[in-house]
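File shown here: run30.cif, holding mmCIF, C-alpha atoms.
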```cif
data_model
#
loop_
_atom_site.group_PDB
_atom_site.id
_atom_site.type_symbol
_atom_site.label_atom_id
_atom_site.label_comp_id
_atom_site.auth_asym_id
_atom_site.auth_seq_id
_atom_site.Cartn_x
_atom_site.Cartn_y
_atom_site.Cartn_z
ATOM 1 C CA MET A 25 130.710 108.022 90.320
ATOM 2 C CA SER A 26 127.873 105.516 90.614
ATOM 3 C CA LYS A 27 128.647 101.800 90.434
ATOM 4 C CA LEU A 28 125.967 101.495 87.766
ATOM 5 C CA SER A 29 126.194 102.264 84.069
ATOM 6 C CA THR A 30 123.815 104.864 82.603
ATOM 7 C CA ALA A 31 121.666 102.112 81.106
ATOM 8 C CA GLU A 32 121.412 100.407 84.506
ATOM 9 C CA ILE A 33 120.542 103.694 86.202
ATOM 10 C CA VAL A 34 117.817 104.314 83.613
ATOM 11 C CA GLN A 35 116.469 100.830 84.209
ATOM 12 C CA GLU A 36 116.302 101.475 87.952
ATOM 13 C CA LEU A 37 114.649 104.847 87.364
ATOM 14 C CA ASN A 38 112.125 103.190 85.047
ATOM 15 C CA HIS A 39 111.209 100.847 87.903
ATOM 16 C CA ALA A 40 110.707 103.840 90.198
ATOM 17 C CA PHE A 41 108.694 105.569 87.462
ATOM 18 C CA ALA A 42 106.410 102.520 87.213
ATOM 19 C CA GLU A 43 105.994 102.442 91.019
ATOM 20 C CA GLU A 44 104.889 106.085 91.013
ATOM 21 C CA VAL A 45 102.523 105.864 88.033
ATOM 22 C CA GLU A 46 100.970 102.710 89.437
ATOM 23 C CA ALA A 47 100.606 104.315 92.872
ATOM 24 C CA ALA A 48 98.910 107.338 91.273
ATOM 25 C CA THR A 49 96.478 105.021 89.493
ATOM 26 C CA ARG A 50 95.746 103.259 92.759
ATOM 27 C CA TYR A 51 95.164 106.583 94.552
ATOM 28 C CA LEU A 52 92.744 107.571 91.794
ATOM 29 C CA HIS A 53 90.861 104.311 92.292
ATOM 30 C CA LEU A 54 90.939 104.449 96.095
ATOM 31 C CA ARG A 55 89.398 107.917 95.974
ATOM 32 C CA SER A 56 86.468 106.514 94.003
ATOM 33 C CA ALA A 57 86.123 103.367 96.108
ATOM 34 C CA VAL A 58 85.692 104.956 99.546
ATOM 35 C CA ARG A 59 82.065 105.006 100.611
ATOM 36 C CA GLY A 60 80.070 106.628 103.378
ATOM 37 C CA LEU A 61 81.062 109.402 105.745
ATOM 38 C CA ASP A 62 84.698 108.321 105.481
ATOM 39 C CA ARG A 63 84.802 110.015 102.101
ATOM 40 C CA VAL A 64 84.659 113.395 103.804
ATOM 41 C CA VAL A 65 87.652 112.512 105.963
ATOM 42 C CA VAL A 66 90.008 110.818 103.516
ATOM 43 C CA GLU A 67 89.078 112.176 100.109
ATOM 44 C CA HIS A 68 91.371 115.173 100.277
ATOM 45 C CA VAL A 69 94.226 113.040 101.650
ATOM 46 C CA LEU A 70 93.924 110.655 98.710
ATOM 47 C CA LYS A 71 93.503 113.515 96.228
ATOM 48 C CA ASP A 72 96.624 115.325 97.492
ATOM 49 C CA ALA A 73 98.569 112.059 97.480
ATOM 50 C CA PHE A 74 97.467 111.414 93.887
ATOM 51 C CA HIS A 75 98.764 114.807 92.746
ATOM 52 C CA GLU A 76 102.028 114.449 94.677
ATOM 53 C CA THR A 77 102.582 110.987 93.241
ATOM 54 C CA ILE A 78 102.045 112.254 89.706
ATOM 55 C CA GLU A 79 104.566 114.990 90.472
ATOM 56 C CA HIS A 80 107.086 112.376 91.654
ATOM 57 C CA ALA A 81 106.542 110.409 88.435
ATOM 58 C CA GLU A 82 107.140 113.562 86.408
ATOM 59 C CA ASN A 83 110.362 114.241 88.320
ATOM 60 C CA ILE A 84 111.640 110.767 87.562
ATOM 61 C CA ALA A 85 110.653 111.046 83.900
ATOM 62 C CA GLN A 86 112.545 114.347 83.760
ATOM 63 C CA ARG A 87 115.606 112.685 85.334
ATOM 64 C CA ILE A 88 115.474 109.869 82.761
ATOM 65 C CA ARG A 89 115.221 112.422 79.949
ATOM 66 C CA SER A 90 118.207 114.297 81.344
ATOM 67 C CA LEU A 91 120.201 111.075 80.944
ATOM 68 C CA GLY A 92 119.282 111.076 77.254
ATOM 69 C CA HIS A 93 116.633 108.364 77.456
ATOM 70 C CA VAL A 94 112.875 108.123 77.112
ATOM 71 C CA PRO A 95 111.036 106.690 80.131
ATOM 72 C CA LYS A 96 109.725 103.154 79.715
ATOM 73 C CA LEU A 97 106.496 102.361 81.489
ATOM 74 C CA GLU A 98 105.445 98.820 82.350
ATOM 75 C CA ILE A 99 102.566 98.565 84.796
ATOM 76 C CA CYS A 100 99.882 96.023 85.506
ATOM 77 C CA VAL A 101 97.127 97.323 87.776
ATOM 78 C CA SER A 102 93.893 95.655 88.675
ATOM 79 C CA CYS A 103 91.663 97.350 91.246
ATOM 80 C CA PRO A 104 88.536 95.486 92.376
ATOM 81 C CA ASN A 105 85.106 97.102 92.247
ATOM 82 C CA GLU A 106 84.533 96.768 95.968
ATOM 83 C CA PRO A 107 83.595 99.661 98.253
ATOM 84 C CA LEU A 108 86.215 100.516 100.856
ATOM 85 C CA SER A 109 86.188 102.193 104.239
ATOM 86 C CA GLY A 110 88.496 105.176 104.687
ATOM 87 C CA ARG A 111 90.739 103.141 106.983
ATOM 88 C CA GLU A 112 91.057 100.297 104.468
ATOM 89 C CA ALA A 113 91.904 102.767 101.704
ATOM 90 C CA LEU A 114 94.648 104.282 103.858
ATOM 91 C CA ARG A 115 95.937 100.809 104.759
ATOM 92 C CA GLN A 116 96.254 99.966 101.070
ATOM 93 C CA ALA A 117 97.959 103.291 100.391
ATOM 94 C CA LEU A 118 100.436 102.548 103.177
ATOM 95 C CA ILE A 119 101.292 99.214 101.535
ATOM 96 C CA PHE A 120 102.268 100.702 98.177
ATOM 97 C CA GLU A 121 103.889 103.807 99.723
ATOM 98 C CA GLU A 122 106.134 101.551 101.809
ATOM 99 C CA ALA A 123 106.984 99.627 98.655
ATOM 100 C CA ALA A 124 107.931 102.889 96.901
ATOM 101 C CA LEU A 125 110.036 103.948 99.899
ATOM 102 C CA GLU A 126 111.932 100.652 99.798
ATOM 103 C CA CYS A 127 112.442 101.074 96.055
ATOM 104 C CA TYR A 128 114.112 104.470 96.591
ATOM 105 C CA GLN A 129 116.128 103.232 99.585
ATOM 106 C CA ASP A 130 117.546 100.420 97.459
ATOM 107 C CA LEU A 131 118.200 102.815 94.589
ATOM 108 C CA LEU A 132 120.042 105.178 96.929
ATOM 109 C CA LYS A 133 122.532 102.430 97.789
ATOM 110 C CA LYS A 134 123.092 101.776 94.099
ATOM 111 C CA VAL A 135 123.726 105.380 93.030
ATOM 112 C CA GLU A 136 126.181 106.205 95.814
ATOM 113 C CA GLY A 137 128.927 108.423 94.429
ATOM 114 C CA ASP A 138 126.862 110.045 91.682
ATOM 115 C CA VAL A 139 126.224 113.212 93.686
ATOM 116 C CA PRO A 140 123.366 114.817 91.672
ATOM 117 C CA LEU A 141 121.507 111.531 91.313
ATOM 118 C CA GLU A 142 122.206 110.599 94.913
ATOM 119 C CA GLU A 143 120.732 113.914 96.044
ATOM 120 C CA PHE A 144 117.696 113.425 93.829
ATOM 121 C CA VAL A 145 117.038 109.943 95.187
ATOM 122 C CA ARG A 146 117.715 111.105 98.753
ATOM 123 C CA ALA A 147 115.039 113.783 98.298
ATOM 124 C CA GLN A 148 112.615 111.137 97.006
ATOM 125 C CA VAL A 149 113.372 108.954 100.033
ATOM 126 C CA ALA A 150 112.591 111.904 102.312
ATOM 127 C CA LEU A 151 109.293 112.573 100.512
ATOM 128 C CA GLU A 152 108.227 108.938 100.588
ATOM 129 C CA TYR A 153 109.239 108.684 104.212
ATOM 130 C CA GLN A 154 106.983 111.660 104.912
ATOM 131 C CA HIS A 155 104.082 110.013 103.060
ATOM 132 C CA VAL A 156 104.505 106.783 104.999
ATOM 133 C CA ALA A 157 104.719 108.650 108.310
ATOM 134 C CA GLN A 158 101.590 110.662 107.485
ATOM 135 C CA LEU A 159 99.624 107.527 106.613
ATOM 136 C CA LYS A 160 100.803 105.744 109.759
ATOM 137 C CA GLU A 161 99.721 108.726 111.809
ATOM 138 C CA LEU A 162 96.273 108.711 110.234
ATOM 139 C CA LEU A 163 95.950 104.980 110.851
ATOM 140 C CA ALA A 164 97.056 105.165 114.491
ATOM 141 C CA GLU A 165 94.372 104.039 116.925
ATOM 142 C CA MET B 12 76.644 76.148 91.248
ATOM 143 C CA ASP B 13 77.161 77.202 87.635
ATOM 144 C CA THR B 14 80.557 76.119 86.386
ATOM 145 C CA TRP B 15 81.535 79.604 85.284
ATOM 146 C CA LYS B 16 80.860 80.861 88.822
ATOM 147 C CA GLU B 17 82.962 78.054 90.245
ATOM 148 C CA PHE B 18 85.827 79.439 88.160
ATOM 149 C CA GLU B 19 85.708 82.601 90.278
ATOM 150 C CA GLN B 20 85.377 80.655 93.535
ATOM 151 C CA ASN B 21 88.799 79.120 93.043
ATOM 152 C CA ILE B 22 91.004 79.215 96.154
ATOM 153 C CA ILE B 23 93.719 81.120 94.365
ATOM 154 C CA THR B 24 93.749 83.239 91.262
ATOM 155 C CA HIS B 25 96.191 82.798 88.420
ATOM 156 C CA SER B 26 98.128 85.801 89.667
ATOM 157 C CA ALA B 27 98.206 84.487 93.254
ATOM 158 C CA ALA B 28 99.489 81.119 92.028
ATOM 159 C CA HIS B 29 102.366 82.864 90.258
ATOM 160 C CA HIS B 30 103.207 84.933 93.344
ATOM 161 C CA LEU B 31 103.300 81.805 95.498
ATOM 162 C CA MET B 32 105.402 79.884 92.992
ATOM 163 C CA ALA B 33 107.791 82.817 92.619
ATOM 164 C CA ILE B 34 108.339 82.843 96.397
ATOM 165 C CA ASP B 35 108.865 79.088 96.394
ATOM 166 C CA ASP B 36 111.375 79.264 93.515
ATOM 167 C CA LEU B 37 113.269 82.176 95.081
ATOM 168 C CA VAL B 38 113.499 80.526 98.506
ATOM 169 C CA ASN B 39 114.766 77.325 96.861
ATOM 170 C CA LYS B 40 117.280 79.236 94.758
ATOM 171 C CA LEU B 41 118.460 82.062 97.038
ATOM 172 C CA GLY B 42 117.371 80.871 100.447
ATOM 173 C CA TYR B 43 115.150 83.921 100.854
ATOM 174 C CA ALA B 44 112.527 85.955 98.984
ATOM 175 C CA ARG B 45 111.907 89.657 99.395
ATOM 176 C CA VAL B 46 109.133 91.708 97.827
ATOM 177 C CA SER B 47 111.732 93.239 95.480
ATOM 178 C CA ASP B 48 112.868 89.765 94.348
ATOM 179 C CA VAL B 49 109.304 88.663 93.648
ATOM 180 C CA ALA B 50 108.670 91.917 91.733
ATOM 181 C CA ARG B 51 111.763 91.357 89.598
ATOM 182 C CA ARG B 52 110.875 87.714 88.986
ATOM 183 C CA LEU B 53 107.323 88.550 87.883
ATOM 184 C CA ASN B 54 108.321 91.793 86.155
ATOM 185 C CA ILE B 55 105.818 93.896 88.066
ATOM 186 C CA THR B 56 106.166 96.715 90.592
ATOM 187 C CA ARG B 57 106.877 96.197 94.272
ATOM 188 C CA GLY B 58 103.654 98.035 95.006
ATOM 189 C CA SER B 59 101.717 95.470 92.999
ATOM 190 C CA VAL B 60 103.446 92.587 94.759
ATOM 191 C CA SER B 61 102.806 94.075 98.203
ATOM 192 C CA ILE B 62 99.137 94.655 97.419
ATOM 193 C CA SER B 63 98.741 91.130 96.008
ATOM 194 C CA LEU B 64 100.491 89.521 98.976
ATOM 195 C CA LYS B 65 98.167 91.097 101.526
ATOM 196 C CA PRO B 66 95.193 88.727 101.056
ATOM 197 C CA MET B 67 97.583 85.770 100.781
ATOM 198 C CA LYS B 68 99.148 86.687 104.120
ATOM 199 C CA GLU B 69 95.692 87.071 105.622
ATOM 200 C CA ALA B 70 94.753 83.649 104.271
ATOM 201 C CA GLY B 71 97.802 82.188 106.016
ATOM 202 C CA LEU B 72 99.548 81.170 102.802
ATOM 203 C CA ILE B 73 102.600 83.403 103.251
ATOM 204 C CA LEU B 74 104.652 84.337 106.295
ATOM 205 C CA GLN B 75 106.969 87.326 106.624
ATOM 206 C CA ASP B 76 109.740 87.546 109.229
ATOM 207 C CA GLU B 77 111.179 90.612 110.949
ATOM 208 C CA ASN B 78 113.691 91.067 108.078
ATOM 209 C CA ARG B 79 110.704 91.197 105.702
ATOM 210 C CA HIS B 80 111.744 87.918 104.130
ATOM 211 C CA LEU B 81 108.843 85.945 102.722
ATOM 212 C CA ARG B 82 108.247 82.235 102.917
ATOM 213 C CA LEU B 83 105.358 79.905 102.308
ATOM 214 C CA SER B 84 103.395 78.521 105.226
ATOM 215 C CA GLU B 85 102.674 74.795 105.295
ATOM 216 C CA LYS B 86 99.306 75.543 103.730
ATOM 217 C CA GLY B 87 100.936 77.717 101.051
ATOM 218 C CA GLN B 88 103.566 75.078 100.325
ATOM 219 C CA ARG B 89 100.879 72.413 99.924
ATOM 220 C CA LEU B 90 99.058 74.663 97.477
ATOM 221 C CA VAL B 91 102.199 75.342 95.440
ATOM 222 C CA ASP B 92 103.166 71.670 95.372
ATOM 223 C CA GLY B 93 99.663 70.839 94.182
ATOM 224 C CA VAL B 94 99.722 73.476 91.439
ATOM 225 C CA LYS B 95 103.172 72.337 90.272
ATOM 226 C CA SER B 96 102.071 68.701 90.135
ATOM 227 C CA LYS B 97 98.989 69.676 88.156
ATOM 228 C CA ARG B 98 101.153 71.620 85.727
ATOM 229 C CA VAL B 99 103.312 68.549 85.103
ATOM 230 C CA LEU B 100 100.252 66.362 84.577
ATOM 231 C CA ILE B 101 98.540 68.781 82.189
ATOM 232 C CA ARG B 102 101.774 69.400 80.276
ATOM 233 C CA ARG B 103 102.237 65.672 79.825
ATOM 234 C CA LEU B 104 98.627 65.225 78.730
ATOM 235 C CA LEU B 105 98.928 68.001 76.179
ATOM 236 C CA SER B 106 102.345 67.227 74.761
ATOM 237 C CA GLU B 107 102.748 63.495 75.122
ATOM 238 C CA LEU B 108 99.188 62.400 74.425
ATOM 239 C CA LEU B 109 97.543 65.179 72.468
ATOM 240 C CA GLY B 110 100.712 65.911 70.518
ATOM 241 C CA LEU B 111 101.013 69.656 71.131
ATOM 242 C CA ASP B 112 104.506 71.066 70.923
ATOM 243 C CA GLU B 113 106.265 71.458 74.273
ATOM 244 C CA GLN B 114 106.118 75.252 74.271
ATOM 245 C CA GLN B 115 102.375 75.388 73.626
ATOM 246 C CA ALA B 116 101.788 72.622 76.157
ATOM 247 C CA GLU B 117 103.714 74.632 78.766
ATOM 248 C CA ILE B 118 101.701 77.797 78.060
ATOM 249 C CA ASP B 119 98.351 76.012 78.255
ATOM 250 C CA ALA B 120 99.396 74.034 81.335
ATOM 251 C CA CYS B 121 100.275 77.347 82.991
ATOM 252 C CA LYS B 122 96.774 78.630 82.228
ATOM 253 C CA MET B 123 95.060 75.569 83.706
ATOM 254 C CA GLU B 124 97.346 74.419 86.513
ATOM 255 C CA HIS B 125 95.534 76.251 89.315
ATOM 256 C CA LEU B 126 92.026 75.682 87.968
ATOM 257 C CA ILE B 127 91.578 71.924 87.892
ATOM 258 C CA SER B 128 90.324 70.135 90.984
ATOM 259 C CA ASN B 129 92.358 67.656 93.022
ATOM 260 C CA GLU B 130 89.927 64.965 91.924
ATOM 261 C CA THR B 131 90.714 65.646 88.255
ATOM 262 C CA ALA B 132 94.435 65.600 89.039
ATOM 263 C CA GLN B 133 94.068 62.248 90.792
ATOM 264 C CA ARG B 134 92.211 60.849 87.778
ATOM 265 C CA LEU B 135 95.010 62.079 85.542
ATOM 266 C CA VAL B 136 97.579 60.363 87.758
ATOM 267 C CA ALA B 137 95.569 57.131 87.520
ATOM 268 C CA PHE B 138 95.308 57.556 83.754
ATOM 269 C CA PHE B 139 99.072 57.991 83.360
ATOM 270 C CA ARG B 140 99.698 54.985 85.598
ATOM 271 C CA PHE B 141 97.553 52.990 83.209
ATOM 272 C CA ILE B 142 99.334 54.434 80.170
ATOM 273 C CA ASP B 143 102.763 53.782 81.712
ATOM 274 C CA SER B 144 101.909 50.220 82.657
ATOM 275 C CA ALA B 145 103.086 47.425 80.441
ATOM 276 C CA GLN B 146 99.516 46.221 79.978
ATOM 277 C CA HIS B 147 98.381 45.400 76.456
ATOM 278 C CA PRO B 148 95.207 47.515 76.595
ATOM 279 C CA ALA B 149 97.282 50.582 77.434
ATOM 280 C CA HIS B 150 99.678 49.922 74.586
ATOM 281 C CA ASP B 151 96.806 49.251 72.169
ATOM 282 C CA PHE B 152 95.000 52.392 73.291
ATOM 283 C CA LEU B 153 98.076 54.559 72.741
ATOM 284 C CA SER B 154 98.822 53.018 69.358
ATOM 285 C CA ALA B 155 95.233 53.457 68.202
ATOM 286 C CA TRP B 156 95.113 57.032 69.398
ATOM 287 C CA ARG B 157 98.436 58.022 67.894
ATOM 288 C CA GLY B 158 97.624 56.223 64.680
ATOM 289 C CA GLN B 159 94.446 58.206 64.155
ATOM 290 C CA HIS B 160 95.409 61.536 65.689
ATOM 291 C CA ARG B 161 98.836 62.511 64.533
ATOM 292 C CA PRO B 162 99.718 66.074 65.489
ATOM 293 C CA PRO B 163 99.404 68.397 62.483
ATOM 294 C CA GLU B 164 102.621 69.096 60.625
ATOM 295 C CA VAL B 165 103.717 72.606 61.444
ATOM 296 C CA CYS B 166 105.236 74.557 58.580
ATOM 297 C CA SER B 167 108.588 75.762 59.755
ATOM 298 C CA THR B 168 109.143 79.398 58.903
ATOM 299 C CA GLY B 169 111.925 79.670 61.394
ATOM 300 C CA GLY B 170 109.837 81.973 63.540
ATOM 301 C CA ASP B 171 107.842 81.572 66.721
ATOM 302 C CA GLN B 172 104.548 79.859 65.871
ATOM 303 C CA ARG B 173 102.689 81.005 68.969
ATOM 304 C CA SER B 174 99.931 83.575 68.749
ATOM 305 C CA ALA B 175 100.486 87.075 70.108
ATOM 306 C CA GLU B 176 97.937 86.323 72.852
ATOM 307 C CA ASP B 177 99.859 83.255 74.000
ATOM 308 C CA LYS B 178 103.166 85.070 73.955
ATOM 309 C CA ALA B 179 101.702 87.817 76.099
ATOM 310 C CA GLU B 180 100.405 85.325 78.633
ATOM 311 C CA SER B 181 103.492 83.153 78.855
#
```
Mind turning the file's structure into structure tokens?
Amino acid sequence: MSKLSTAEIVQELNHAFAEEVEAATRYLHLRSAVRGLDRVVVEHVLKDAFHETIEHAENIAQRIRSLGHVPKLEICVSCPNEPLSGREALRQALIFEEAALECYQDLLKKVEGDVPLEEFVRAQVALEYQHVAQLKELLAE
Amino acid sequence: MDTWKEFEQNIITHSAAHHLMAIDDLVNKLGYARVSDVARRLNITRGSVSISLKPMKEAGLILQDENRHLRLSEKGQRLVDGVKSKRVLIRRLLSELLGLDEQQAEIDACKMEHLISNETAQRLVAFFRFIDSAQHPAHDFLSAWRGQHRPPEVCSTGGDQRSAEDKAES
């Protein structure tokens, strides 16, 4: 079994839920902020990432519900009204995707022993890892 | 420049000041500060912290080592020390001289600490030196002020007297 109590697990999942919802909001904003020809190149990347991130948030909310709790959402997002290049938008996305990856990696250590939850978090780590790798590839010179 | 524009030209924002002070507090307390620690301390997401730290790293206020541990640069440390000193000065001005309760003084000091200029802070230091001196004019000034401007009596209902807005910002 996990070293954490159910309440502690829910708290950790709520943090992950907030990371995902906030990331989705940022993707939504980044999509609108990219200007010029770059839009053609990165718009679909940001749009797909937005939908995937929402899906991740829904998965976490579902997991919290399955533990008998209601997800708690605490986010604080402020996105400036400055135009961005495609590269800058991807750089910003990489920053919060890496943060989400770290969040799941830390959570994985905490839920060791709770097989279903461990598998769920492991899958999230794999997905986030993929996102980070994809963004790094796009940003490679 | 118009004063209200100057407000936006400030070196650091309120949020940036809190990020820097959180790193300073964590390093002093734990010996290190990671993005996750700062996020927990400020009760925001790691994504938010990482995004906020980017311009501060670019401005040379924060350094990050290979273990992703954060610390303040000399420039960042100077800024934090300055903000903390200003907070102490404003808090003292508000509570000791103007008679606000400590909690309200702390909240308002937090709102102003990163906004006042170094020149204003230096004038405040000089003012407190005068007040703290054993000179008669200082004593007379304080007595006259306190005699005429007693803080209003607050009805005690046993509850928190702060407004919802202040509670949210504290």
(request) Could you tell me how far atom CA of Ala149 of chain B lies from atom CA of Lys97 of chain B, in Å and to one decimal? (result) 22.0 Å
(request) Quick one: pull the distance between atom CA of Ile88 of chain A and atom CA of Gln158 of chain A, Å, one decimal. (result) 28.4 Å
(request) Provide the atom CA of Glu43 of chain A to atom CA of Ala147 of chain A distance in Å, to one decimal place. (result)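 About the pair atom CA of Glu43 of chain A and atom CA of Ala147 of chain A: they are 16.2 Å apart.
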(request) Using only C-alpha atoms, determine which residues of chain B fall within 8 Å of chain A; present them as a ChimeraX atom specification. (result) /B:47,55-59,61-62
To test your reading of the syntax: which residues would the PyMOL selection byres ((chain A and resi 65-81) around 9) return for the file shown? Reply as an mmCIF file with C-alpha atoms, in the frame of the given file.
```
data_model
loop_
_atom_site.group_PDB
_atom_site.id
_atom_site.type_symbol
_atom_site.label_atom_id
_atom_site.label_comp_id
_atom_site.auth_asym_id
_atom_site.auth_seq_id
_atom_site.Cartn_x
_atom_site.Cartn_y
_atom_site.Cartn_z
ATOM 1 C CA ALA A 40 110.707 103.840 90.198
ATOM 2 C CA PHE A 41 108.694 105.569 87.462
ATOM 3 C CA ALA A 42 106.410 102.520 87.213
ATOM 4 C CA GLU A 43 105.994 102.442 91.019
ATOM 5 C CA GLU A 44 104.889 106.085 91.013
ATOM 6 C CA VAL A 45 102.523 105.864 88.033
ATOM 7 C CA ALA A 47 100.606 104.315 92.872
ATOM 8 C CA ALA A 48 98.910 107.338 91.273
ATOM 9 C CA THR A 49 96.478 105.021 89.493
ATOM 10 C CA ARG A 50 95.746 103.259 92.759
ATOM 11 C CA TYR A 51 95.164 106.583 94.552
ATOM 12 C CA LEU A 52 92.744 107.571 91.794
ATOM 13 C CA LEU A 54 90.939 104.449 96.095
ATOM 14 C CA ARG A 55 89.398 107.917 95.974
ATOM 15 C CA SER A 56 86.468 106.514 94.003
ATOM 16 C CA VAL A 58 85.692 104.956 99.546
ATOM 17 C CA LEU A 61 81.062 109.402 105.745
ATOM 18 C CA ASP A 62 84.698 108.321 105.481
ATOM 19 C CA ARG A 63 84.802 110.015 102.101
ATOM 20 C CA VAL A 64 84.659 113.395 103.804
ATOM 21 C CA GLU A 82 107.140 113.562 86.408
ATOM 22 C CA ASN A 83 110.362 114.241 88.320
ATOM 23 C CA ILE A 84 111.640 110.767 87.562
ATOM 24 C CA ALA A 85 110.653 111.046 83.900
ATOM 25 C CA GLN A 86 112.545 114.347 83.760
ATOM 26 C CA GLY A 110 88.496 105.176 104.687
ATOM 27 C CA ARG A 111 90.739 103.141 106.983
ATOM 28 C CA ALA A 113 91.904 102.767 101.704
ATOM 29 C CA LEU A 114 94.648 104.282 103.858
ATOM 30 C CA ALA A 117 97.959 103.291 100.391
ATOM 31 C CA GLN A 148 112.615 111.137 97.006
ATOM 32 C CA HIS A 155 104.082 110.013 103.060
#
```
(request) Run through the PyMOL selection byres ((chain B and resi 82) around 10) on the given coordinates and return the selected residues as number ranges by chain. (result) B: 31, 34-35, 37-38, 42-45, 72-76, 79-81, 83-85, 87-88
Write to file, as a CSV table (one decimal), keeping the file's coordinate frame, the residues of the selection just made, with C-alpha atoms.
```
chain,number,residue,atom,x,y,z
B,31,LEU,CA,103.3,81.8,95.5
B,34,ILE,CA,108.3,82.8,96.4
B,35,ASP,CA,108.9,79.1,96.4
B,37,LEU,CA,113.3,82.2,95.1
B,38,VAL,CA,113.5,80.5,98.5
B,42,GLY,CA,117.4,80.9,100.4
B,43,TYR,CA,115.2,83.9,100.9
B,44,ALA,CA,112.5,86.0,99.0
B,45,ARG,CA,111.9,89.7,99.4
B,72,LEU,CA,99.5,81.2,102.8
B,73,ILE,CA,102.6,83.4,103.3
B,74,LEU,CA,104.7,84.3,106.3
B,75,GLN,CA,107.0,87.3,106.6
B,76,ASP,CA,109.7,87.5,109.2
B,79,ARG,CA,110.7,91.2,105.7
B,80,HIS,CA,111.7,87.9,104.1
B,81,LEU,CA,108.8,85.9,102.7
B,83,LEU,CA,105.4,79.9,102.3
B,84,SER,CA,103.4,78.5,105.2
B,85,GLU,CA,102.7,74.8,105.3
B,87,GLY,CA,100.9,77.7,101.1
B,88,GLN,CA,103.6,75.1,100.3
```
(request) Can you turn the PyMOL selection byres ((chain B and resi 100) around 12) into a concrete residue list for this file, as a PyMOL selection string? (result) chain B and resi 93-99+101-108+116-117+119-121+123-125+127+129+131-140
Using 6 Å of padding on each side, determine the axis-aligned box around all atoms of segment 56-66 of chain A present in the file and give its centre and edge lengths in Å to one decimal, as JSON.
```
{"center_x": 85.0, "center_y": 108.4, "center_z": 100.0, "size_x": 21.9, "size_y": 22.0, "size_z": 24.0}
```
Neighbours of point (123.3, 110.7, 88.9) within 9 Å, using all atoms listed in the file, written as a short mmCIF file (atom, residue, chain, number, x, y, z; two decimals) with C-alpha atoms, in the coordinates of the input:
```
data_model
loop_
_atom_site.label_atom_id
_atom_site.label_comp_id
_atom_site.auth_asym_id
_atom_site.auth_seq_id
_atom_site.Cartn_x
_atom_site.Cartn_y
_atom_site.Cartn_z
CA MET A 25 130.71 108.02 90.32
CA SER A 26 127.87 105.52 90.61
CA THR A 30 123.82 104.86 82.60
CA ILE A 33 120.54 103.69 86.20
CA ARG A 87 115.61 112.68 85.33
CA LEU A 91 120.20 111.08 80.94
CA VAL A 135 123.73 105.38 93.03
CA GLU A 136 126.18 106.20 95.81
CA GLY A 137 128.93 108.42 94.43
CA ASP A 138 126.86 110.04 91.68
CA VAL A 139 126.22 113.21 93.69
CA PRO A 140 123.37 114.82 91.67
CA LEU A 141 121.51 111.53 91.31
CA GLU A 142 122.21 110.60 94.91
CA GLU A 143 120.73 113.91 96.04
CA PHE A 144 117.70 113.42 93.83
CA VAL A 145 117.04 109.94 95.19
#
```
(request) Determine the nearest neighbour of Ala31 of chain A from the options A:Leu159, A:Ala164, A:Leu108, A:Val94, counting all atoms listed in the file. (result) A:Val94
Output as a short mmCIF file (atom, residue, chain, number, x, y, z; two decimals), in the coordinates of the input: segment 58-68 of chain B, completed with N, CA and C atoms.
```
data_model
loop_
_atom_site.label_atom_id
_atom_site.label_comp_id
_atom_site.auth_asym_id
_atom_site.auth_seq_id
_atom_site.Cartn_x
_atom_site.Cartn_y
_atom_site.Cartn_z
N GLY B 58 104.97 97.66 94.49
CA GLY B 58 103.65 98.04 95.01
C GLY B 58 102.62 96.98 94.68
N SER B 59 102.65 96.50 93.44
CA SER B 59 101.72 95.47 93.00
C SER B 59 101.90 94.19 93.81
N VAL B 60 103.17 93.81 93.99
CA VAL B 60 103.45 92.59 94.76
C VAL B 60 102.92 92.74 96.18
N SER B 61 103.23 93.87 96.81
CA SER B 61 102.81 94.08 98.20
C SER B 61 101.30 94.03 98.34
N ILE B 62 100.61 94.66 97.38
CA ILE B 62 99.14 94.66 97.42
C ILE B 62 98.61 93.22 97.22
N SER B 63 99.21 92.50 96.28
CA SER B 63 98.74 91.13 96.01
C SER B 63 99.02 90.18 97.17
N LEU B 64 100.13 90.44 97.89
CA LEU B 64 100.49 89.52 98.98
C LEU B 64 99.58 89.66 100.19
N LYS B 65 98.96 90.83 100.32
CA LYS B 65 98.17 91.10 101.53
C LYS B 65 97.09 90.02 101.76
N PRO B 66 96.20 89.76 100.79
CA PRO B 66 95.19 88.73 101.06
C PRO B 66 95.80 87.33 101.25
N MET B 67 96.96 87.09 100.62
CA MET B 67 97.58 85.77 100.78
C MET B 67 98.18 85.62 102.18
N LYS B 68 98.66 86.73 102.73
CA LYS B 68 99.15 86.69 104.12
C LYS B 68 97.97 86.48 105.05
#
```
